[in-house]
file input_7.tsv (TSV, C-alpha atoms)
chain	number	residue	atom	x	y	z
P	1	MET	CA	-10.97	34.92	55.85
P	2	SER	CA	-10.63	34.75	52.08
P	3	ILE	CA	-12.33	36.92	49.49
P	4	LYS	CA	-12.72	36.78	45.73
P	5	VAL	CA	-11.07	39.58	43.78
P	6	ALA	CA	-11.89	40.20	40.11
P	7	LEU	CA	-9.99	42.63	37.91
P	8	LYS	CA	-8.38	42.95	34.49
P	9	VAL	CA	-4.65	42.36	34.26
P	10	ASN	CA	-2.90	43.15	31.01
P	11	GLY	CA	-6.26	43.31	29.28
P	12	LYS	CA	-7.51	39.92	30.48
P	13	PRO	CA	-10.16	39.35	33.13
P	14	VAL	CA	-8.79	37.48	36.13
P	15	SER	CA	-10.09	36.49	39.53
P	16	ALA	CA	-8.56	34.89	42.55
P	17	GLU	CA	-9.51	33.79	46.03
P	18	VAL	CA	-7.12	35.52	48.44
P	19	GLU	CA	-6.86	36.43	52.09
P	20	GLU	CA	-8.17	39.91	52.90
P	21	ARG	CA	-4.67	41.12	53.76
P	22	THR	CA	-3.07	39.94	50.48
P	23	LEU	CA	-1.15	42.73	48.81
P	24	LEU	CA	-1.71	43.45	45.13
P	25	VAL	CA	1.94	42.62	44.41
P	26	SER	CA	1.42	39.18	45.97
P	27	LEU	CA	-1.70	38.57	43.89
P	28	ILE	CA	0.22	39.54	40.75
P	29	ARG	CA	3.31	37.45	41.50
P	30	GLU	CA	1.96	34.45	43.39
P	31	ASN	CA	-1.56	33.93	42.10
P	32	LEU	CA	-1.12	35.18	38.53
P	33	ARG	CA	2.55	34.13	38.20
P	34	LEU	CA	3.52	37.48	36.61
P	35	THR	CA	6.96	37.79	38.17
P	36	GLY	CA	8.18	40.84	36.26
P	37	THR	CA	6.69	42.98	39.02
P	38	HIS	CA	9.37	42.82	41.70
P	39	VAL	CA	9.23	42.97	45.47
P	40	GLY	CA	12.02	45.14	46.77
P	41	CYS	CA	11.35	46.77	50.09
P	42	ASP	CA	7.72	45.98	51.01
P	43	THR	CA	7.41	49.55	52.30
P	44	ALA	CA	6.63	51.52	49.09
P	45	GLN	CA	10.09	53.10	49.15
P	46	CYS	CA	11.86	51.52	46.16
P	47	GLY	CA	9.27	51.37	43.36
P	48	ALA	CA	10.27	47.90	42.13
P	49	CYS	CA	6.62	46.84	42.40
P	50	THR	CA	5.20	49.71	40.33
P	51	VAL	CA	2.30	48.82	38.02
P	52	LEU	CA	-0.34	50.88	36.26
P	53	MET	CA	-3.78	50.73	37.84
P	54	ASN	CA	-6.48	52.43	35.79
P	55	GLY	CA	-3.67	54.16	33.89
P	56	ARG	CA	-1.83	55.54	36.93
P	57	ALA	CA	1.46	54.32	38.36
P	58	ILE	CA	1.02	52.81	41.81
P	59	LYS	CA	3.23	50.78	44.10
P	60	SER	CA	1.51	47.43	44.28
P	61	CYS	CA	3.06	46.61	47.66
P	62	SER	CA	1.18	49.51	49.22
P	63	ILE	CA	-2.40	48.37	48.55
P	64	VAL	CA	-4.29	45.21	49.32
P	65	ALA	CA	-5.60	43.21	46.39
P	66	MET	CA	-9.24	43.89	47.20
P	67	GLN	CA	-8.62	47.61	46.57
P	68	ALA	CA	-8.03	46.66	42.93
P	69	GLU	CA	-11.46	45.05	42.58
P	70	GLY	CA	-12.81	45.95	39.13
P	71	ALA	CA	-9.64	47.84	38.20
P	72	GLU	CA	-7.53	47.56	35.07
P	73	VAL	CA	-3.94	46.71	35.99
P	74	MET	CA	-1.01	46.64	33.62
P	75	THR	CA	2.22	44.93	34.60
P	76	ILE	CA	5.50	44.98	32.71
P	77	GLU	CA	4.39	41.78	30.96
P	78	GLY	CA	1.54	43.71	29.33
P	79	VAL	CA	3.62	46.56	27.91
P	80	ALA	CA	5.14	45.00	24.76
P	81	LYS	CA	2.95	44.00	21.84
P	82	ALA	CA	1.71	40.42	21.62
P	83	ASP	CA	4.25	39.71	18.86
P	84	GLY	CA	7.09	40.74	21.17
P	85	THR	CA	7.68	44.17	19.67
P	86	LEU	CA	8.88	46.42	22.46
P	87	HIS	CA	6.88	49.46	23.52
P	88	PRO	CA	8.71	52.73	22.65
P	89	MET	CA	9.63	53.23	26.33
P	90	GLN	CA	11.07	49.73	26.57
P	91	GLN	CA	12.96	50.29	23.33
P	92	ALA	CA	14.34	53.57	24.68
P	93	PHE	CA	15.62	51.78	27.80
P	94	LYS	CA	17.31	49.22	25.56
P	95	ASP	CA	18.76	51.79	23.15
P	96	ASN	CA	20.06	54.10	25.90
P	97	HIS	CA	21.40	51.40	28.22
P	98	GLY	CA	18.89	52.38	30.90
P	99	LEU	CA	19.34	49.20	32.90
P	100	GLN	CA	22.07	47.21	34.48
P	101	CYS	CA	21.08	44.35	36.73
P	102	GLY	CA	17.44	44.88	35.66
P	103	PHE	CA	15.84	44.51	39.08
P	104	CYS	CA	14.45	48.08	39.16
P	105	THR	CA	13.76	48.26	35.42
P	106	PRO	CA	10.13	47.03	35.37
P	107	GLY	CA	9.15	49.56	38.03
P	108	MET	CA	11.12	52.31	36.29
P	109	VAL	CA	9.40	51.57	32.97
P	110	MET	CA	5.93	51.50	34.51
P	111	ASN	CA	6.53	54.79	36.34
P	112	ALA	CA	7.96	56.29	33.13
P	113	LEU	CA	4.88	55.26	31.13
P	114	ASP	CA	2.59	57.19	33.47
P	115	PHE	CA	4.95	60.18	33.59
P	116	ALA	CA	5.41	60.32	29.80
P	117	LYS	CA	1.66	60.60	29.13
P	118	GLY	CA	1.71	64.10	30.57
P	119	HIS	CA	5.26	65.01	29.57
P	120	PRO	CA	5.89	64.29	25.87
P	121	ASN	CA	8.99	66.50	25.85
P	122	PRO	CA	10.33	66.38	29.42
P	123	THR	CA	13.36	68.13	30.79
P	124	GLU	CA	16.07	66.23	32.62
P	125	GLN	CA	14.95	67.87	35.87
P	126	GLU	CA	11.32	66.80	35.35
P	127	VAL	CA	12.43	63.21	34.75
P	128	ARG	CA	14.68	63.19	37.80
P	129	GLU	CA	11.82	64.51	39.96
P	130	SER	CA	9.48	61.83	38.57
P	131	LEU	CA	11.94	59.14	39.63
P	132	GLU	CA	11.85	60.20	43.27
P	133	GLY	CA	10.04	57.02	44.38
P	134	ASN	CA	12.04	54.57	42.25
P	135	LEU	CA	15.44	53.42	43.44
P	136	CYS	CA	18.28	51.91	41.45
P	137	ARG	CA	21.35	50.59	43.21
P	138	CYS	CA	23.44	49.97	40.08
P	139	THR	CA	23.41	53.24	38.18
P	140	GLY	CA	23.76	56.95	38.70
P	141	TYR	CA	20.42	57.30	36.89
P	142	HIS	CA	22.06	59.08	33.94
P	143	ASN	CA	21.07	56.48	31.33
P	144	ILE	CA	17.67	55.94	32.96
P	145	VAL	CA	16.97	59.66	32.57
P	146	LYS	CA	18.17	59.56	28.93
P	147	SER	CA	15.93	56.56	28.32
P	148	ILE	CA	12.83	58.22	29.76
P	149	ILE	CA	13.40	61.41	27.77
P	150	ALA	CA	13.77	59.39	24.55
P	151	GLY	CA	10.81	57.14	25.39
P	152	ALA	CA	8.56	60.08	26.25
P	153	LYS	CA	9.39	61.77	22.94
P	154	ALA	CA	8.70	58.53	21.06
P	155	MET	CA	5.37	58.10	22.86
P	156	GLY	CA	4.23	61.61	22.01
P	157	GLY	CA	1.96	61.86	25.06
P	158	LYS	CA	0.17	58.54	24.38
P	159	LEU	CA	0.48	55.25	26.18
call {"tool": "encode", "arguments": {"input": "input_7.tsv", "output": "structure tokens"}}
result
Amino acid sequence: MSIKVALKVNGKPVSAEVEERTLLVSLIRENLRLTGTHVGCDTAQCGACTVLMNGRAIKSCSIVAMQAEGAEVMTIEGVAKADGTLHPMQQAFKDNHGLQCGFCTPGMVMNALDFAKGHPNPTEQEVRESLEGNLCRCTGYHNIVKSIIAGAKAMGGKL
């Protein structure tokens, strides 16, 4: 059975006809063609699918699309300004070499955005604890942690 789901994604109203069991990550990637949100594990373990829903980081593989009815969702495609200027967190990842292959980066950035709102001057330990649900296979997290600390300071507690 299919249902209609309406929500805002990256500030734009969208709707789609999907099966009841369709995951939010599938709606984002397949119906909306926003492929920056990655599918890693399908079990909410890796964080590659992290998006902001109503301002909070969530793993979009762990909820069905109809749970996002009426919600405001931001994907990695909605983070930079329309003119291409990077968000301070994205710039911090670039400046501090906080990525390697890039597969985990969108999820890391989205998680970091939510974390930084409440931690404008985080400690290394706080950042490491916030990354608990986001996995990276390429790095030892050192530059990711540096990036999040720099991005959080640049954000000053604001998204």
call {"tool": "closest_residue", "arguments": {"input": "input_7.tsv", "among": "P:Val51, P:Val127, P:Ala154, P:Val73", "to": "Met89 of chain P", "atoms": "all atoms listed in the file"}}
result
P:Ala154
call {"tool": "closest_atom_pairs", "arguments": {"input": "input_7.tsv", "of": "segment 2-64 of chain P", "to": "segment 108-118 of chain P", "cutoff": "9 Å", "atoms": "only C-alpha atoms", "output": "tab-separated table"}}
result
residue	atom	partner	partner_atom	distance
P:Gly47	CA	P:Met108	CA	7.4
P:Ala48	CA	P:Met108	CA	7.4
P:Thr50	CA	P:Met110	CA	6.1
P:Val51	CA	P:Met110	CA	5.7
P:Leu52	CA	P:Met110	CA	6.5
P:Gly55	CA	P:Asp114	CA	7.0
P:Arg56	CA	P:Asp114	CA	5.9
P:Ala57	CA	P:Asn111	CA	5.5
P:Ile58	CA	P:Asn111	CA	8.0
call {"tool": "closest_residue", "arguments": {"input": "input_7.tsv", "among": "P:Cys61, P:Met1, P:Gly140, P:Arg128", "to": "Asp42 of chain P", "atoms": "all atoms listed in the file"}}
result
P:Cys61
call {"tool": "atom_distance", "arguments": {"input": "input_7.tsv", "atom1": "atom CA of Thr22 of chain P", "atom2": "atom CA of Ala65 of chain P"}}
result
5.8 Å
call {"tool": "atom_distance", "arguments": {"input": "input_7.tsv", "atom1": "atom CA of Ser2 of chain P", "atom2": "atom CA of Gln45 of chain P"}}
result
27.8 Å
call {"tool": "closest_residue", "arguments": {"input": "input_7.tsv", "among": "P:Gly11, P:His97, P:Lys4, P:Ser62", "to": "Lys81 of chain P", "atoms": "all atoms listed in the file"}}
result
P:Gly11
call {"tool": "atom_distance", "arguments": {"input": "input_7.tsv", "atom1": "atom CA of Met66 of chain P", "atom2": "atom CA of Ser15 of chain P"}}
result
10.7 Å
call {"tool": "closest_residue", "arguments": {"input": "input_7.tsv", "among": "P:Gln91, P:Ala6, P:Pro106, P:Val14", "to": "Thr37 of chain P", "atoms": "all atoms listed in the file"}}
result
P:Pro106
call {"tool": "residues_near_point", "arguments": {"input": "input_7.tsv", "point": "(12.8, 54.1, 40.9)", "cutoff": "7 Å", "atoms": "only C-alpha atoms", "output": "list in words"}}
result
Cys46, Gly47, Ala48, Cys104, Gly107, Met108, Leu131, Glu132, Gly133, Asn134, Leu135 and Cys136 of chain P
call {"tool": "residues_around", "arguments": {"input": "input_7.tsv", "residues": "segment 147-150 of chain P", "least_positions_apart": "3", "cutoff": "6 Å", "atoms": "only C-alpha atoms", "output": "list in words"}}
result
Ala92, Phe93, Asn96, Gly98, Asn143, Ile144 and Lys153 of chain P
call {"tool": "closest_residue", "arguments": {"input": "input_7.tsv", "among": "P:Asn121, P:Ala44, P:Arg137, P:Gly156", "to": "Cys101 of chain P", "atoms": "only C-alpha atoms"}}
result
P:Arg137
call {"tool": "closest_residue", "arguments": {"input": "input_7.tsv", "among": "P:Glu126, P:Asp83, P:Asp95, P:Glu77", "to": "Arg33 of chain P", "atoms": "all atoms listed in the file"}}
result
P:Glu77
